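**Q** The structure that follows is given in the form of structure tokens.
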Amino acid sequence: MQKKANYILMSIAAALLFSGCGIYNKYRRPEVKTDNLFGEMPVETDTCSSIADLKWHELFTDTLLQKLITRALESNTDLNVAKLKVQEAQASLTAAKLAYLPSVQLNPEGLLSKVKDGQTSKTYTLGASASWEIDLFGKLTNAKRSELAVLEQSQAYQQAVQTQLIATVAESYYTLLMLDEQINITTETIENWKEYIHSLRVLMKSGQADRAAVSQAEASRLGAEASLLDLKQQVVEMENSLCSLLAWQPAHIERSSLDCQVFPQELSVGVPLELLSRRPDVMQAEAELKQAFYGVNQARSDFYPSITLSGSAGWTNNAGATITNPGTWLLQAVGSLVQPIFNRGKNIANLKISKAQREEALLQFQQSLLDAGGEVNNALNQWQNARKKVVLDGQQVEYLSVAVHDTRLLMEHGTTNYLEVLTAQQSLLSSRLTLVSDRNSEIQSVISLYHALGGGSDN
């Protein structure tokens, strides 16, 4: 017994001696380089502030869109599942914290025994037992820290789902506005074709136009009507997709118009280092790195013995025929130490695996930063190019509108043919649809930048 006590004391001394071997080390963020993380900026941007500082309702000022986003944050299935995962992680962390406390249980027992023609023997034990693992080698501490990292992962995942949800709802809403505008343009074009066809029929009666011109114009009108049906189908599909995000049954989405939308004329990205504390996927990658770090510590702890104190106390009667109450005290105390010996090969393998997983997590963390920087650069370039294209598209529409007007007048006076009018009409339709599409691309780039910078995560 004395030898066993001495062995336990020696193990405790060894624990204190080897505590510097890494089993108690706390995670520290590895050095990361964020210089030029956003790459070469396509435009001069403000790095002192960030568009991500805006609350989502400050960026998306359309009240109908705000209602849709609010509904999505309340009812979206994926977001609610993410919230439940956070609750699960919180419960696991609580269990890890409670592991520091002794476990206590009641152990009541009763026994009746009788040999043939003999006296019945009645015994009982009313007792309780407790056990307590002493965390000298950091097993419980590293397990708790690992569960805390899992909680941080779950919280970051919830934020990632939230930011993606806000961006997706906004993108879907503005796509619907774009489709509405394209439907209006196509409908207006169809009406213009009808008027043009009517004019051709009048000219044909007077011998100034032929049936081929009327047939070609009718074919163009029918093509526009077919395109209109495609646009309406896209509206239905987009509305159904948005309803799914809102956990609604398919329904019409109330919305405003594309011309009513207002966004910042200048975009700011802020300091690249802010992505570490703002962007959810980067936060999640770092939490995974933190968990892997403590996984290595746990693997190291497995090389050290486990020390557990346990005991029991209660009342019992002497195994006699009559139960005496309260009987006699029963006390027992046990100290145990388990030192890994024959599973050392398994522990070495587990340590190697844990170290490899930590290196994998480090690479993923570094890559998440690079991906974030690339997305910011892409969004800025998209925004800049879309703004330039909107200006060019507007000028093109103006010129083509004049061209359509002039060619129709020239045809009526016999100085040009109907083919030039048809070409001008088709070019104008295409240009107007492109203008709306590029306007939507400009809005989508703002949403992409807001999402790439981690905007909407805490709103």
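Lettering and numbering for the structure tokens are positional, with chains as A, B, ... in the shown order, residues counted from 1 in each chain, and ligands counted from 1 in the shown order.
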Find the nearest atom pair between each residue of range 135-246 of chain A and range 79-96 of chain A for residues within 12 Å, count only C-alpha atoms, give distances in Å to one decimal, sort rows by chain and ascending number, and present the table as JSON lines.

**A**
{"residue": "A:Lys139", "atom": "CA", "partner": "A:Ala96", "partner_atom": "CA", "distance": 10.5}
{"residue": "A:Leu140", "atom": "CA", "partner": "A:Ala96", "partner_atom": "CA", "distance": 7.2}
{"residue": "A:Thr141", "atom": "CA", "partner": "A:Ala96", "partner_atom": "CA", "distance": 8.5}
{"residue": "A:Asn142", "atom": "CA", "partner": "A:Ala96", "partner_atom": "CA", "distance": 9.5}
{"residue": "A:Ala143", "atom": "CA", "partner": "A:Ala96", "partner_atom": "CA", "distance": 6.6}
{"residue": "A:Lys144", "atom": "CA", "partner": "A:Ala96", "partner_atom": "CA", "distance": 5.0}
{"residue": "A:Arg145", "atom": "CA", "partner": "A:Leu93", "partner_atom": "CA", "distance": 8.5}
{"residue": "A:Ser146", "atom": "CA", "partner": "A:Leu93", "partner_atom": "CA", "distance": 8.6}
{"residue": "A:Glu147", "atom": "CA", "partner": "A:Leu93", "partner_atom": "CA", "distance": 5.2}
{"residue": "A:Leu148", "atom": "CA", "partner": "A:Leu93", "partner_atom": "CA", "distance": 6.0}
{"residue": "A:Ala149", "atom": "CA", "partner": "A:Leu93", "partner_atom": "CA", "distance": 9.3}
{"residue": "A:Val150", "atom": "CA", "partner": "A:Ala89", "partner_atom": "CA", "distance": 6.4}
{"residue": "A:Leu151", "atom": "CA", "partner": "A:Ala89", "partner_atom": "CA", "distance": 4.9}
{"residue": "A:Glu152", "atom": "CA", "partner": "A:Val86", "partner_atom": "CA", "distance": 8.5}
{"residue": "A:Gln153", "atom": "CA", "partner": "A:Val86", "partner_atom": "CA", "distance": 8.6}
{"residue": "A:Ser154", "atom": "CA", "partner": "A:Val86", "partner_atom": "CA", "distance": 5.1}
{"residue": "A:Gln155", "atom": "CA", "partner": "A:Val86", "partner_atom": "CA", "distance": 5.9}
{"residue": "A:Ala156", "atom": "CA", "partner": "A:Val86", "partner_atom": "CA", "distance": 9.3}
{"residue": "A:Tyr157", "atom": "CA", "partner": "A:Ala82", "partner_atom": "CA", "distance": 6.9}
{"residue": "A:Gln158", "atom": "CA", "partner": "A:Ala82", "partner_atom": "CA", "distance": 5.0}
{"residue": "A:Gln159", "atom": "CA", "partner": "A:Ala82", "partner_atom": "CA", "distance": 8.7}
{"residue": "A:Ala160", "atom": "CA", "partner": "A:Leu79", "partner_atom": "CA", "distance": 9.3}
{"residue": "A:Val161", "atom": "CA", "partner": "A:Leu79", "partner_atom": "CA", "distance": 5.9}
{"residue": "A:Gln162", "atom": "CA", "partner": "A:Leu79", "partner_atom": "CA", "distance": 6.4}
{"residue": "A:Thr163", "atom": "CA", "partner": "A:Leu79", "partner_atom": "CA", "distance": 10.0}
{"residue": "A:Gln164", "atom": "CA", "partner": "A:Leu79", "partner_atom": "CA", "distance": 9.9}
{"residue": "A:Leu165", "atom": "CA", "partner": "A:Leu79", "partner_atom": "CA", "distance": 8.0}
{"residue": "A:Ile166", "atom": "CA", "partner": "A:Leu79", "partner_atom": "CA", "distance": 10.8}
{"residue": "A:Leu245", "atom": "CA", "partner": "A:Leu79", "partner_atom": "CA", "distance": 9.9}
{"residue": "A:Leu246", "atom": "CA", "partner": "A:Leu79", "partner_atom": "CA", "distance": 10.6}

**Q** Any idea what the distance is between CA of Leu228 in chain A and CA of Thr186 in chain A?

**A**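 The value is 6.3 Å.
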
**Q** As a list in words, please: every residue in range 98-206 of chain A that a backbone DSSP assignment puts in strand (DSSP E).

**A**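 Matching residues, listed in order: Ser103, Val104, Gln105, Leu106, Glu109, Gly110, Leu111, Leu112, Ser113, Ser121, Lys122, Thr123, Tyr124, Thr125, Leu126, Gly127, Ala128, Ser129, Ala130, Ser131, Trp132, Glu133 and Ile134 of chain A.
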
**Q** Could you give me, as CSV, a per-residue list for range 246-317 of chain A showing, wherever an atom lies at most 12 Å from an atom of range 446-453 of chain A, the closest pair of atoms and their distance in Å to one decimal, using only C-alpha atoms and sorting by chain then residue number from low to high?

**A**
residue,atom,partner,partner_atom,distance
A:Val262,CA,A:Val446,CA,11.1
A:Phe263,CA,A:Val446,CA,8.1
A:Pro264,CA,A:Val446,CA,8.7
A:Gln265,CA,A:Val446,CA,10.1
A:Glu266,CA,A:Val446,CA,10.2
A:Leu267,CA,A:Val446,CA,8.1
A:Ser268,CA,A:Leu449,CA,9.4
A:Val269,CA,A:Leu453,CA,7.2
A:Gly270,CA,A:Leu453,CA,8.7
A:Val271,CA,A:Leu453,CA,10.1
A:Pro272,CA,A:Leu453,CA,9.0
A:Leu273,CA,A:Leu453,CA,10.7
A:Glu274,CA,A:Leu453,CA,8.4
A:Leu275,CA,A:Leu453,CA,6.5
A:Leu276,CA,A:Leu453,CA,10.1
A:Ser277,CA,A:Leu453,CA,10.3
A:Arg278,CA,A:Leu453,CA,7.3
A:Arg279,CA,A:Leu453,CA,6.1
A:Pro280,CA,A:Leu453,CA,9.5
A:Asp281,CA,A:Ala452,CA,10.0
A:Val282,CA,A:Leu453,CA,10.6

**Q** Might you pull out every residue within 10 Å of Leu419 in chain A, with only C-alpha atoms counted and same-chain residues fewer than 6 positions away left off, and present them as a list of chain:residue names?

**A**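 My reading of the contact set: A:Ala213, A:Gln216, A:Ala217, A:Thr407, A:Met411, A:Gln425.
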